[in-house]
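A.B. asks: Structure: run_13.txt, compact mmCIF, C-alpha atoms and all ligand atoms.
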```
# COMPACT_ATOMS: atom_id res chain seq x y z
CA MET L 1 -10.18 -23.25 -16.05
CA SER L 2 -11.09 -25.19 -12.94
CA PHE L 3 -11.67 -22.36 -10.49
CA LYS L 4 -14.17 -19.55 -10.37
CA VAL L 5 -13.97 -16.01 -9.07
CA ILE L 6 -17.61 -16.27 -8.26
CA ASN L 7 -20.85 -14.67 -7.46
CA PHE L 8 -19.89 -11.17 -6.41
CA PHE L 9 -23.24 -9.94 -7.60
CA MET L 10 -25.13 -12.60 -5.66
CA SER L 11 -23.64 -11.32 -2.41
CA LYS L 12 -23.34 -7.57 -2.18
CA SER L 13 -20.86 -7.74 0.69
CA PHE L 14 -17.19 -8.02 -0.13
CA LYS L 15 -16.69 -9.88 3.14
CA THR L 16 -18.79 -12.75 1.79
CA PHE L 17 -17.12 -12.62 -1.60
CA LEU L 18 -13.65 -13.04 -0.03
CA LYS L 19 -14.77 -16.22 1.74
CA HIS L 20 -16.60 -17.79 -1.20
CA THR L 21 -14.44 -16.95 -4.17
CA ALA L 22 -11.61 -18.95 -5.78
CA LYS L 23 -12.96 -22.38 -4.96
CA ASP L 24 -11.62 -25.21 -7.09
CA PHE L 25 -14.71 -27.16 -8.13
CA HIS L 26 -12.81 -29.33 -10.61
CA ASN L 27 -10.49 -30.77 -7.96
CA GLN L 28 -13.12 -30.40 -5.23
CA SER L 29 -10.91 -28.21 -3.08
CA VAL L 30 -12.07 -25.16 -1.16
CA ASN L 31 -8.93 -23.33 -2.33
CA PRO L 32 -7.43 -22.91 -5.81
CA PRO L 33 -4.45 -24.98 -6.95
CA VAL L 34 -0.93 -23.58 -7.16
CA VAL L 35 -0.12 -23.89 -10.86
CA ARG L 36 3.64 -23.58 -11.40
CA ALA L 37 4.82 -23.33 -14.98
CA SER L 38 7.55 -21.96 -17.17
CA THR L 39 6.47 -23.95 -20.22
CA ILE L 40 2.77 -24.03 -20.89
CA ILE L 41 1.79 -27.08 -22.91
CA PHE L 42 -0.64 -26.82 -25.84
CA LYS L 43 -2.48 -29.48 -27.83
CA SER L 44 -1.11 -28.25 -31.16
CA MET L 45 0.45 -25.25 -32.90
CA GLN L 46 -3.06 -24.09 -33.80
CA HIS L 47 -3.90 -24.14 -30.09
CA ILE L 48 -0.89 -21.87 -29.35
CA ARG L 49 -1.91 -19.39 -32.06
CA LYS L 50 -5.54 -19.45 -30.96
CA THR L 51 -4.52 -18.70 -27.36
CA GLN L 52 -2.25 -15.86 -28.51
CA ALA L 53 -5.11 -14.39 -30.56
CA LYS L 54 -7.41 -14.61 -27.52
CA ALA L 55 -4.75 -12.90 -25.34
CA LYS L 56 -4.49 -10.07 -27.86
CA LYS L 57 -8.25 -9.61 -27.99
CA ASN L 58 -8.75 -9.93 -24.23
CA PRO L 59 -5.50 -9.04 -22.43
CA THR L 60 -6.97 -9.42 -18.94
CA GLY L 61 -8.67 -12.75 -19.67
CA GLY L 62 -6.02 -15.14 -18.34
CA HIS L 63 -4.72 -16.45 -21.69
CA TYR L 64 -1.02 -17.28 -21.35
CA ASP L 65 1.60 -18.83 -23.63
CA TYR L 66 4.58 -18.64 -21.25
CA GLY L 67 5.03 -18.79 -17.48
CA ARG L 68 6.43 -15.28 -17.18
CA GLN L 69 2.98 -13.98 -18.02
CA GLY L 70 1.51 -15.86 -15.06
CA THR L 71 -0.63 -18.92 -14.52
CA SER L 72 -4.18 -19.45 -13.33
CA THR L 73 -2.92 -18.90 -9.75
CA THR L 74 -1.77 -15.34 -10.44
CA HIS L 75 -4.83 -14.71 -12.62
CA ILE L 76 -7.25 -15.56 -9.82
CA LEU L 77 -5.46 -13.19 -7.41
CA GLN L 78 -5.62 -10.42 -10.02
CA LYS L 79 -9.34 -11.00 -10.51
CA ILE L 80 -10.06 -10.85 -6.75
CA LEU L 81 -8.00 -7.68 -6.34
CA THR L 82 -9.65 -6.06 -9.37
CA LYS L 83 -13.02 -6.51 -7.64
CA LEU L 84 -11.70 -5.28 -4.31
CA GLU L 85 -10.16 -2.19 -5.94
CA GLU L 86 -13.14 -1.64 -8.27
CA SER L 87 -10.53 -0.95 -10.93
CA TYR L 88 -10.10 -1.85 -14.60
CA HIS L 89 -7.28 -4.27 -13.84
CA VAL L 90 -4.68 -5.13 -11.18
CA PHE L 91 -1.09 -6.06 -12.02
CA THR L 92 0.79 -8.10 -9.42
CA THR L 93 4.53 -7.72 -8.82
CA PRO L 94 7.17 -9.62 -6.79
CA THR L 95 7.31 -6.86 -4.12
CA GLY L 96 5.34 -3.75 -3.21
CA PHE L 97 8.26 -1.64 -4.29
CA GLY L 98 8.10 -3.36 -7.70
CA SER L 99 4.60 -1.87 -8.05
CA VAL L 100 5.93 1.60 -7.16
CA PHE L 101 8.59 1.19 -9.86
CA LEU L 102 6.08 -0.14 -12.40
CA ALA L 103 3.64 2.74 -11.82
CA ILE L 104 6.31 5.40 -12.30
CA PHE L 105 8.22 3.85 -15.20
CA SER L 106 4.99 3.15 -17.09
CA VAL L 107 4.18 6.83 -17.53
CA VAL L 108 7.35 8.95 -17.30
CA ARG L 109 10.03 9.34 -19.95
CA PRO L 110 13.27 11.35 -20.25
CA GLY L 111 12.58 15.09 -20.18
CA ASP L 112 9.41 14.68 -18.07
CA GLU L 113 8.77 15.94 -14.55
CA ILE L 114 7.07 14.26 -11.62
CA ILE L 115 5.67 15.73 -8.40
CA VAL L 116 5.91 13.57 -5.32
CA ALA L 117 4.52 13.86 -1.77
CA ASP L 118 7.39 14.85 0.53
CA PRO L 119 6.71 12.11 3.11
CA VAL L 120 6.82 9.12 0.72
CA TYR L 121 8.31 5.79 1.76
CA SER L 122 12.04 6.41 1.81
CA PRO L 123 13.00 3.98 -1.06
CA THR L 124 10.34 5.74 -3.20
CA ARG L 125 12.07 9.01 -2.38
CA ILE L 126 15.46 7.61 -3.45
CA LEU L 127 13.94 6.18 -6.66
CA THR L 128 12.36 9.49 -7.65
CA GLN L 129 14.91 11.98 -6.30
CA ASP L 130 18.09 10.15 -7.35
CA PHE L 131 17.44 7.32 -9.80
CA LEU L 132 15.03 9.21 -12.08
CA LYS L 133 17.61 11.98 -12.37
CA GLU L 134 19.87 9.54 -14.24
CA PHE L 135 17.12 9.32 -16.89
CA ASN L 136 16.77 13.09 -17.11
CA ILE L 137 13.47 13.04 -15.21
CA LYS L 138 13.05 15.84 -12.68
CA THR L 139 11.34 15.28 -9.33
CA ILE L 140 9.75 18.02 -7.24
CA PHE L 141 8.46 17.26 -3.74
CA TYR L 142 5.29 18.89 -2.41
CA ASP L 143 4.22 19.69 1.14
CA PRO L 144 1.37 17.31 2.09
CA HIS L 145 -0.31 20.05 4.12
CA ASN L 146 0.18 22.89 1.64
CA LEU L 147 -1.11 21.92 -1.78
CA GLU L 148 -0.08 25.28 -3.24
CA THR L 149 3.37 23.64 -3.40
CA LEU L 150 1.80 21.00 -5.61
CA LYS L 151 -0.28 23.31 -7.78
CA ASN L 152 2.47 25.89 -8.29
CA ASN L 153 5.04 23.31 -9.39
CA ILE L 154 3.04 21.83 -12.26
CA THR L 155 4.57 22.64 -15.63
CA LYS L 156 3.92 21.51 -19.21
CA LYS L 157 6.43 18.72 -18.57
CA THR L 158 4.65 17.29 -15.50
CA LYS L 159 3.45 13.75 -16.23
CA LEU L 160 2.66 12.30 -12.80
CA ILE L 161 1.62 13.28 -9.29
CA PHE L 162 2.71 10.57 -6.86
CA VAL L 163 0.88 10.55 -3.52
CA GLU L 164 1.33 8.41 -0.44
CA ASN L 165 -1.40 8.69 2.14
CA PRO L 166 -0.89 8.96 5.02
CA GLY L 167 2.74 10.09 4.85
CA SER L 168 5.25 7.35 5.55
CA ASN L 169 6.26 7.36 9.24
CA SER L 170 4.98 10.94 9.82
CA PHE L 171 1.32 10.07 9.01
CA GLU L 172 0.09 13.33 7.44
CA PHE L 173 -3.37 12.96 5.87
CA GLN L 174 -3.81 14.98 2.71
CA ASP L 175 -6.74 16.57 0.94
CA LEU L 176 -7.10 13.87 -1.71
CA GLY L 177 -10.10 15.58 -3.32
CA LYS L 178 -8.08 18.70 -3.95
CA ILE L 179 -5.16 16.69 -5.35
CA ILE L 180 -7.42 14.92 -7.87
CA SER L 181 -9.04 18.18 -8.90
CA ILE L 182 -5.62 19.87 -9.44
CA ALA L 183 -4.46 16.84 -11.47
CA LYS L 184 -7.57 16.73 -13.65
CA LYS L 185 -7.52 20.45 -14.30
CA ASN L 186 -3.91 20.18 -15.46
CA LYS L 187 -4.34 16.83 -17.25
CA VAL L 188 -1.66 15.16 -15.13
CA LEU L 189 -1.80 11.45 -14.24
CA THR L 190 -2.00 10.39 -10.58
CA ALA L 191 -0.72 7.46 -8.53
CA ILE L 192 -1.17 6.74 -4.83
CA ASP L 193 0.55 4.35 -2.45
CA ASN L 194 -2.51 3.04 -0.55
CA THR L 195 -0.72 0.37 1.51
CA TRP L 196 -1.77 1.85 4.89
CA ALA L 197 -5.52 1.65 4.25
CA THR L 198 -5.80 -0.91 1.44
CA PRO L 199 -8.92 -0.67 -0.77
CA TYR L 200 -10.87 -2.17 2.14
CA TYR L 201 -10.87 1.32 3.69
CA PHE L 202 -10.30 3.53 0.64
CA LYS L 203 -10.72 2.84 -3.09
CA PRO L 204 -8.41 5.18 -5.03
CA ILE L 205 -9.37 4.21 -8.59
CA LYS L 206 -13.07 4.76 -7.88
CA PHE L 207 -12.12 8.08 -6.28
CA GLY L 208 -10.29 9.28 -9.39
CA PHE L 209 -6.65 8.14 -9.18
CA ASP L 210 -5.22 6.53 -12.32
CA MET L 211 -3.01 4.06 -10.44
CA SER L 212 -3.03 2.63 -6.93
CA ILE L 213 -0.28 0.66 -5.23
CA VAL L 214 -0.57 -1.72 -2.30
CA SER L 215 2.35 -3.64 -0.84
CA ALA L 216 0.75 -7.11 -0.58
CA THR L 217 3.59 -7.96 1.80
CA LYS L 218 1.59 -6.14 4.48
CA TYR L 219 -2.15 -6.64 5.18
CA TYR L 220 -3.05 -8.63 2.06
CA SER L 221 -0.87 -11.58 3.03
CA GLY L 222 -1.09 -10.69 6.72
CA HIS L 223 1.32 -13.26 8.12
CA SER L 224 4.78 -11.72 7.55
CA ASP L 225 5.91 -14.60 5.39
CA VAL L 226 5.53 -13.41 1.80
CA MET L 227 6.49 -10.46 -0.42
CA GLY L 228 4.30 -9.05 -3.17
CA GLY L 229 2.75 -5.94 -4.65
CA SER L 230 -0.33 -4.87 -6.54
CA LEU L 231 -0.88 -2.04 -8.96
CA ALA L 232 -4.51 -1.25 -9.74
CA VAL L 233 -5.16 0.84 -12.85
CA ASN L 234 -7.98 2.48 -14.76
CA LYS L 235 -8.58 1.96 -18.47
CA LYS L 236 -6.69 5.13 -19.40
CA VAL L 237 -3.28 3.87 -18.27
CA PHE L 238 -3.85 0.12 -18.75
CA ASP L 239 -1.99 -0.23 -22.08
CA LYS L 240 1.04 1.72 -20.85
CA VAL L 241 1.35 -0.31 -17.65
CA ARG L 242 0.81 -3.56 -19.50
CA ALA L 243 3.57 -2.75 -21.98
CA THR L 244 5.98 -1.82 -19.17
CA GLU L 245 5.06 -4.89 -17.13
CA LYS L 246 5.79 -7.03 -20.19
CA ILE L 247 9.15 -5.49 -20.96
CA THR L 248 10.38 -5.47 -17.33
CA GLY L 249 9.07 -8.92 -16.43
CA LEU L 250 7.87 -7.55 -13.09
CA ARG L 251 5.42 -10.33 -12.30
CA LEU L 252 4.51 -12.23 -9.16
CA GLY L 253 5.23 -15.96 -8.93
CA PRO L 254 2.42 -18.49 -8.33
CA ASP L 255 3.47 -19.62 -4.82
CA ASP L 256 3.41 -16.06 -3.50
CA ALA L 257 0.17 -15.39 -5.39
CA TYR L 258 -1.41 -18.37 -3.63
CA LEU L 259 -0.30 -17.17 -0.18
CA ILE L 260 -1.66 -13.69 -0.85
CA THR L 261 -4.99 -15.14 -2.08
CA ARG L 262 -5.14 -17.18 1.14
CA GLY L 263 -4.39 -14.09 3.23
CA LEU L 264 -7.17 -12.16 1.49
CA ARG L 265 -9.79 -14.59 2.85
CA THR L 266 -9.41 -12.88 6.23
CA LEU L 267 -8.41 -9.36 5.18
CA ASP L 268 -11.62 -7.81 6.53
CA VAL L 269 -11.54 -9.74 9.83
CA ARG L 270 -7.91 -8.89 10.47
CA LEU L 271 -8.19 -5.24 9.48
CA ASP L 272 -11.30 -4.74 11.62
CA LYS L 273 -9.38 -6.19 14.59
CA HIS L 274 -6.20 -4.18 13.89
CA ARG L 275 -8.41 -1.10 13.85
CA GLU L 276 -10.18 -2.00 17.11
CA ASN L 277 -6.86 -2.75 18.86
CA ALA L 278 -5.16 0.36 17.48
CA LYS L 279 -8.07 2.50 18.70
CA LYS L 280 -7.69 1.14 22.25
CA VAL L 281 -3.92 1.66 22.26
CA ALA L 282 -4.40 5.15 20.77
CA ALA L 283 -6.89 6.04 23.53
CA PHE L 284 -4.24 5.11 26.11
CA LEU L 285 -1.37 6.90 24.35
CA SER L 286 -3.37 10.06 23.74
CA LYS L 287 -3.54 10.69 27.50
CA ASN L 288 0.26 10.93 27.83
CA LYS L 289 1.49 14.55 27.67
CA LYS L 290 5.00 13.58 26.50
CA LEU L 291 3.59 11.99 23.35
CA LYS L 292 1.89 13.31 20.24
CA LEU L 293 -0.11 10.60 18.59
CA LEU L 294 0.25 10.35 14.80
CA TYR L 295 -2.96 8.48 14.06
CA PRO L 296 -6.47 9.66 13.10
CA TYR L 297 -7.76 9.87 16.66
CA LYS L 298 -8.08 13.48 17.83
CA LYS L 299 -11.29 14.80 16.28
CA ASP L 300 -10.27 18.46 16.17
CA SER L 301 -7.13 17.92 14.10
CA TYR L 302 -6.67 18.56 10.36
CA ASN L 303 -5.31 15.03 9.91
CA PHE L 304 -8.44 13.56 11.51
CA ARG L 305 -10.73 15.61 9.27
CA MET L 306 -8.84 14.58 6.13
CA TRP L 307 -8.95 10.93 7.21
CA LYS L 308 -12.67 11.07 8.05
CA LYS L 309 -13.50 12.70 4.73
CA PHE L 310 -12.01 9.96 2.56
CA TYR L 311 -11.58 6.75 4.60
CA SER L 312 -14.02 4.25 6.05
CA GLY L 313 -11.49 2.89 8.55
CA ALA L 314 -7.94 2.98 9.89
CA SER L 315 -5.33 0.24 10.01
CA GLY L 316 -2.92 -0.73 12.78
CA LEU L 317 0.07 1.44 11.87
CA MET L 318 0.65 4.58 13.92
CA GLY L 319 3.38 6.98 14.94
CA LEU L 320 4.38 8.78 18.11
CA LYS L 321 6.18 12.07 18.25
CA ILE L 322 8.06 12.13 21.51
CA LYS L 323 9.49 15.29 23.05
CA SER L 324 12.61 14.47 25.04
CA LYS L 325 16.08 15.91 25.45
CA ASN L 326 17.33 12.44 26.27
CA ILE L 327 17.46 10.30 23.09
CA ASN L 328 18.84 7.35 25.06
CA SER L 329 15.68 7.29 27.15
CA VAL L 330 13.62 7.11 23.91
CA ARG L 331 15.75 4.19 22.77
CA LYS L 332 15.36 2.58 26.20
CA PHE L 333 11.57 3.02 26.01
CA VAL L 334 11.50 1.15 22.69
CA ASN L 335 14.01 -1.48 23.81
CA SER L 336 11.98 -2.19 26.96
CA LEU L 337 8.89 -3.27 25.04
CA LYS L 338 8.45 -7.00 25.45
CA LEU L 339 5.51 -7.81 23.18
CA PHE L 340 6.67 -5.64 20.25
CA GLY L 341 9.25 -7.03 17.84
CA TYR L 342 11.91 -4.70 16.42
CA GLY L 343 12.00 -5.01 12.68
CA TYR L 344 10.92 -3.64 9.33
CA SER L 345 7.65 -4.13 7.53
CA TRP L 346 4.19 -4.25 9.13
CA GLY L 347 0.70 -5.50 8.34
CA GLY L 348 1.28 -8.95 9.81
CA PHE L 349 -0.52 -10.44 12.82
CA GLU L 350 2.10 -9.21 15.27
CA SER L 351 2.97 -5.93 16.98
CA LEU L 352 6.18 -4.18 15.98
CA ALA L 353 8.08 -1.08 17.09
CA LEU L 354 10.77 1.04 15.45
CA HIS L 355 12.66 4.11 16.58
CA GLN L 356 12.72 6.18 13.40
CA GLU L 357 15.96 7.79 12.38
CA PHE L 358 17.06 9.54 9.20
CA ARG L 359 17.33 6.20 7.40
CA GLU L 360 13.57 5.71 7.72
CA THR L 361 12.34 9.23 7.03
CA GLY L 362 14.84 10.25 4.32
CA ASN L 363 15.94 13.69 3.29
CA ARG L 364 12.59 15.47 3.72
CA LYS L 365 12.05 19.03 2.59
CA TYR L 366 8.97 19.84 4.65
CA MET L 367 9.34 17.87 7.88
CA ASN L 368 10.24 20.11 10.79
CA LEU L 369 11.37 17.78 13.49
CA ALA L 370 13.09 19.66 16.32
CA LYS L 371 16.28 18.27 17.84
CA ASP L 372 14.39 17.17 20.95
CA GLU L 373 11.59 15.50 18.98
CA HIS L 374 11.75 11.81 18.09
CA LEU L 375 9.59 9.52 16.01
CA VAL L 376 8.59 6.03 17.05
CA ARG L 377 6.42 3.77 14.90
CA PHE L 378 4.09 1.10 16.26
CA HIS L 379 2.34 -1.58 14.32
CA ILE L 380 -0.54 -2.72 16.50
CA GLY L 381 -1.07 -6.42 15.93
CA LEU L 382 -3.80 -8.88 16.79
CA GLU L 383 -2.74 -9.60 20.38
CA ASP L 384 -5.01 -8.73 23.31
CA PRO L 385 -4.84 -4.91 23.34
CA ASN L 386 -4.84 -4.85 27.15
CA ASP L 387 -1.57 -6.80 27.12
CA LEU L 388 -0.10 -4.33 24.63
CA ILE L 389 -1.14 -1.38 26.80
CA THR L 390 0.35 -3.00 29.93
CA ASP L 391 3.58 -3.54 28.00
CA ILE L 392 3.72 0.06 26.74
CA LYS L 393 2.94 1.33 30.25
CA GLN L 394 5.97 -0.43 31.78
CA ALA L 395 8.25 0.69 28.92
CA LEU L 396 7.12 4.33 29.23
CA LYS L 397 8.69 4.46 32.72
CA HIS L 398 12.07 4.71 30.97
CA LEU L 399 11.10 7.82 29.00
CA LYS L 400 12.65 10.99 30.37
C1 LIG L 501 4.05 2.50 2.33
C2 LIG L 501 4.89 1.43 1.71
N1 LIG L 501 4.87 1.29 0.39
C3 LIG L 501 5.61 0.36 -0.22
C4 LIG L 501 6.41 -0.50 0.50
C5 LIG L 501 7.24 -1.50 -0.23
O1 LIG L 501 6.69 -2.76 -0.13
P1 LIG L 501 7.56 -4.08 -0.18
O2 LIG L 501 8.32 -4.16 1.10
O3 LIG L 501 6.55 -5.16 -0.36
O4 LIG L 501 8.47 -3.96 -1.35
C6 LIG L 501 6.46 -0.40 1.88
C7 LIG L 501 7.31 -1.29 2.69
O5 LIG L 501 7.51 -1.13 3.86
C8 LIG L 501 5.69 0.61 2.52
O6 LIG L 501 5.72 0.80 3.84
```
In structure tokens, what does this structure look like?
Ligand SMILES: Cc1ncc(COP(=O)(O)O)c(C=O)c1O

C.D. replies:
Amino acid sequence: MSFKVINFFMSKSFKTFLKHTAKDFHNQSVNPPVVRASTIIFKSMQHIRKTQAKAKKNPTGGHYDYGRQGTSTTHILQKILTKLEESYHVFTTPTGFGSVFLAIFSVVRPGDEIIVADPVYSPTRILTQDFLKEFNIKTIFYDPHNLETLKNNITKKTKLIFVENPGSNSFEFQDLGKIISIAKKNKVLTAIDNTWATPYYFKPIKFGFDMSIVSATKYYSGHSDVMGGSLAVNKKVFDKVRATEKITGLRLGPDDAYLITRGLRTLDVRLDKHRENAKKVAAFLSKNKKLKLLYPYKKDSYNFRMWKKFYSGASGLMGLKIKSKNINSVRKFVNSLKLFGYGYSWGGFESLALHQEFRETGNRKYMNLAKDEHLVRFHIGLEDPNDLITDIKQALKHLK
């Protein structure tokens, strides 16, 4: 192979590793090649069999006999992410949601039960609540701020606890330590959607989760031009996930793998800046009495304490709970923003805003949003934060 995922142990800092890894010394390029292949060509039949034997012996070693298994371009991304996650292995999928699907379908079977955080990403809710039902798999949702609802719903049939932290669009931070200890005591597997923080700010596998999902569409790629997902695993679940990945063909293509590898070069720089900008915007928003900030900012809150306990940083995605009897004025506030785009996804370089309705939050069991309370989501991008604050200030004049 012509590239190297190099020298992590020479430089202790991951920031340095991300800049220096994946160089292509063979072709003398600072970045790895994009190797596209359906057919992989061998020197002889013996060479095919030898490669297959190597793949069997070392399934994470980058030995492929067909393009669906990946090429050196996907392998290098997996190797970088495995180091970032400090996991046993990382599988890469065509979308982040593909990784959610892969995690769940690797470990649950008909007759099983699964317990899911109430504020999960709405498609994850539909997958577990509705789609799993068709396979005779029961889903129970737990209250992110009352883990008795998690503990008390575990039965002999429970196979998986699925966490998303913080909660999608409502941003509850949970007691992750308690969740892991409940799971271990009851011998139940755990998965977490860690897209908000990425392993740059929190490493779930090291912490004790069996599986960790990141939508690479967001901060990993960072430029809003690629879709992808990653599923980090420990050794315990590796074989199950590998078998499911194989049978479903849920694998990332080389062009997208290259773009995500390129994005990762600057993951730390971008996330540090998203965090700095979000902190400045949060400081401004926290002074407004009409708004409740859904972001780890206020030191005396439970959410802040739970964030501080487990995370080394915060990303650029935040929520606002707005109290207003006039929903049109909330819509006008959002529509008056000039530097924020209106659209789905987040984690790119740019600021985005969304007025959250039922479609985004889903049919929650534990979210008590009063009729005069509204949710708005901001993704704070890499613009000058003073410009963002000036923009929000002018838009807030419309809020009644
Ligand atoms: C928390 C979270 N998880 C998973 C996903 C799904 O990722 P993708 O859009 O890459 O399929 C999203 C997408 O918005 C998300 O916000």

A.B. asks: All residues within 9 Å of ligand LIG 501 (chain L) are required, counting all atoms listed in the file; please report them as a PDB file with C-alpha atoms, keeping the file's coordinate frame.

C.D. replies:
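To be explicit, this is the file written out as part12.pdb:
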```pdb
ATOM      1  CA  PRO L  94       7.170  -9.620  -6.790  1.00  0.00           C
ATOM      2  CA  THR L  95       7.310  -6.860  -4.120  1.00  0.00           C
ATOM      3  CA  GLY L  96       5.340  -3.750  -3.210  1.00  0.00           C
ATOM      4  CA  PHE L  97       8.260  -1.640  -4.290  1.00  0.00           C
ATOM      5  CA  GLY L  98       8.100  -3.360  -7.700  1.00  0.00           C
ATOM      6  CA  SER L  99       4.600  -1.870  -8.050  1.00  0.00           C
ATOM      7  CA  VAL L 100       5.930   1.600  -7.160  1.00  0.00           C
ATOM      8  CA  VAL L 120       6.820   9.120   0.720  1.00  0.00           C
ATOM      9  CA  TYR L 121       8.310   5.790   1.760  1.00  0.00           C
ATOM     10  CA  SER L 122      12.040   6.410   1.810  1.00  0.00           C
ATOM     11  CA  PRO L 123      13.000   3.980  -1.060  1.00  0.00           C
ATOM     12  CA  THR L 124      10.340   5.740  -3.200  1.00  0.00           C
ATOM     13  CA  GLU L 164       1.330   8.410  -0.440  1.00  0.00           C
ATOM     14  CA  ASN L 165      -1.400   8.690   2.140  1.00  0.00           C
ATOM     15  CA  PRO L 166      -0.890   8.960   5.020  1.00  0.00           C
ATOM     16  CA  GLY L 167       2.740  10.090   4.850  1.00  0.00           C
ATOM     17  CA  SER L 168       5.250   7.350   5.550  1.00  0.00           C
ATOM     18  CA  ASN L 169       6.260   7.360   9.240  1.00  0.00           C
ATOM     19  CA  ASP L 193       0.550   4.350  -2.450  1.00  0.00           C
ATOM     20  CA  ASN L 194      -2.510   3.040  -0.550  1.00  0.00           C
ATOM     21  CA  THR L 195      -0.720   0.370   1.510  1.00  0.00           C
ATOM     22  CA  TRP L 196      -1.770   1.850   4.890  1.00  0.00           C
ATOM     23  CA  ILE L 213      -0.280   0.660  -5.230  1.00  0.00           C
ATOM     24  CA  VAL L 214      -0.570  -1.720  -2.300  1.00  0.00           C
ATOM     25  CA  SER L 215       2.350  -3.640  -0.840  1.00  0.00           C
ATOM     26  CA  ALA L 216       0.750  -7.110  -0.580  1.00  0.00           C
ATOM     27  CA  THR L 217       3.590  -7.960   1.800  1.00  0.00           C
ATOM     28  CA  LYS L 218       1.590  -6.140   4.480  1.00  0.00           C
ATOM     29  CA  VAL L 226       5.530 -13.410   1.800  1.00  0.00           C
ATOM     30  CA  MET L 227       6.490 -10.460  -0.420  1.00  0.00           C
ATOM     31  CA  GLY L 228       4.300  -9.050  -3.170  1.00  0.00           C
ATOM     32  CA  GLY L 229       2.750  -5.940  -4.650  1.00  0.00           C
ATOM     33  CA  TYR L 344      10.920  -3.640   9.330  1.00  0.00           C
ATOM     34  CA  SER L 345       7.650  -4.130   7.530  1.00  0.00           C
ATOM     35  CA  TRP L 346       4.190  -4.250   9.130  1.00  0.00           C
TER      36      TRP L 346
END
```

A.B. asks: From the set L:Leu252, L:Met306, L:Leu150, L:Leu354, which residue has the shortest atom-to-atom contact distance to L:Gly70, counting all atoms listed in the file?

C.D. replies: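 Selected residue with least distance to L:Gly70: L:Leu252.
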
A.B. asks: For a quick check of understanding, using only C-alpha atoms, which of L:Asn153, L:Val334, L:Lys365, L:His355 has the smallest distance to L:Ala395?

C.D. replies: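 Counting only C-alpha atoms, the residue closest to L:Ala395 is L:Val334.
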
A.B. asks: Would you list the contacts of stretch 198-206 of chain L as JSON, numbers by chain, taking every protein, DNA or RNA residue within 8 Å and counting only C-alpha atoms, but skipping same-chain residues closer than 3 positions in sequence?

C.D. replies: {"L": [84, 85, 86, 87, 192, 194, 195, 209, 210, 211, 212, 214, 219, 232, 233, 234, 268, 310, 311, 312, 313, 314]}

A.B. asks: Hey, which of L:His374, L:Lys83, L:Arg49, L:Lys397 ends up closest to L:Ser13? Count only C-alpha atoms.

C.D. replies: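 Once distances to L:Ser13 are computed over only C-alpha atoms, the minimum belongs to L:Lys83.
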
A.B. asks: Would you mind telling me which residue in L:His145, L:Lys138, L:Lys184, L:Arg275 lies nearest to L:Ala197 when using all atoms listed in the file?

C.D. replies: L:Arg275

A.B. asks: Choose the residue, out of L:Asp130, L:Asp255, L:Asp143, L:Asp112, that has the smallest atom-to-atom separation from L:Ser72; count only C-alpha atoms.

C.D. replies: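 Nearest candidate to L:Ser72 out of L:Asp130, L:Asp255, L:Asp143, L:Asp112: L:Asp255.
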
A.B. asks: Considering all atoms listed in the file, can you say which of L:Ala282, L:Val34, L:Leu231, L:Ile322 comes closest to L:Thr73?

C.D. replies: L:Val34

A.B. asks: What's the separation between atom CA of L:Thr139 and atom CA of L:Val237, in Å to one decimal place?

C.D. replies: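 Separation of atom CA of L:Thr139 and atom CA of L:Val237: 20.6 Å.
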
A.B. asks: Show me as a PyMOL selection string the residues that reach within 10 Å of (0.3, -16.5, 0.8), counting only C-alpha atoms and using the file's own coordinates.

C.D. replies: chain L and resi 216-217+220-228+254-264

A.B. asks: So the first atom is atom CA of L:Thr93 and the second is atom CA of L:Arg377; what is the distance between them in Å, to one decimal place?

C.D. replies: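 Separation between atom CA of L:Thr93 and atom CA of L:Arg377: 26.4 Å.
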
A.B. asks: Enter the distance from atom CA of L:Glu350 to atom CA of L:Leu294, in Å, rounded to one decimal.

C.D. replies: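 Those two atoms sit 19.7 Å apart.
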
A.B. asks: Would you compute an axis-aligned box for stretch 228-235 of chain L, covering every atom listed for it in the file with 5 Å of margin on each side, and report centre and edge lengths in Å to one decimal as JSON?

C.D. replies:
```
{"center_x": -2.1, "center_y": -3.3, "center_z": -10.8, "size_x": 22.9, "size_y": 21.5, "size_z": 25.3}
```
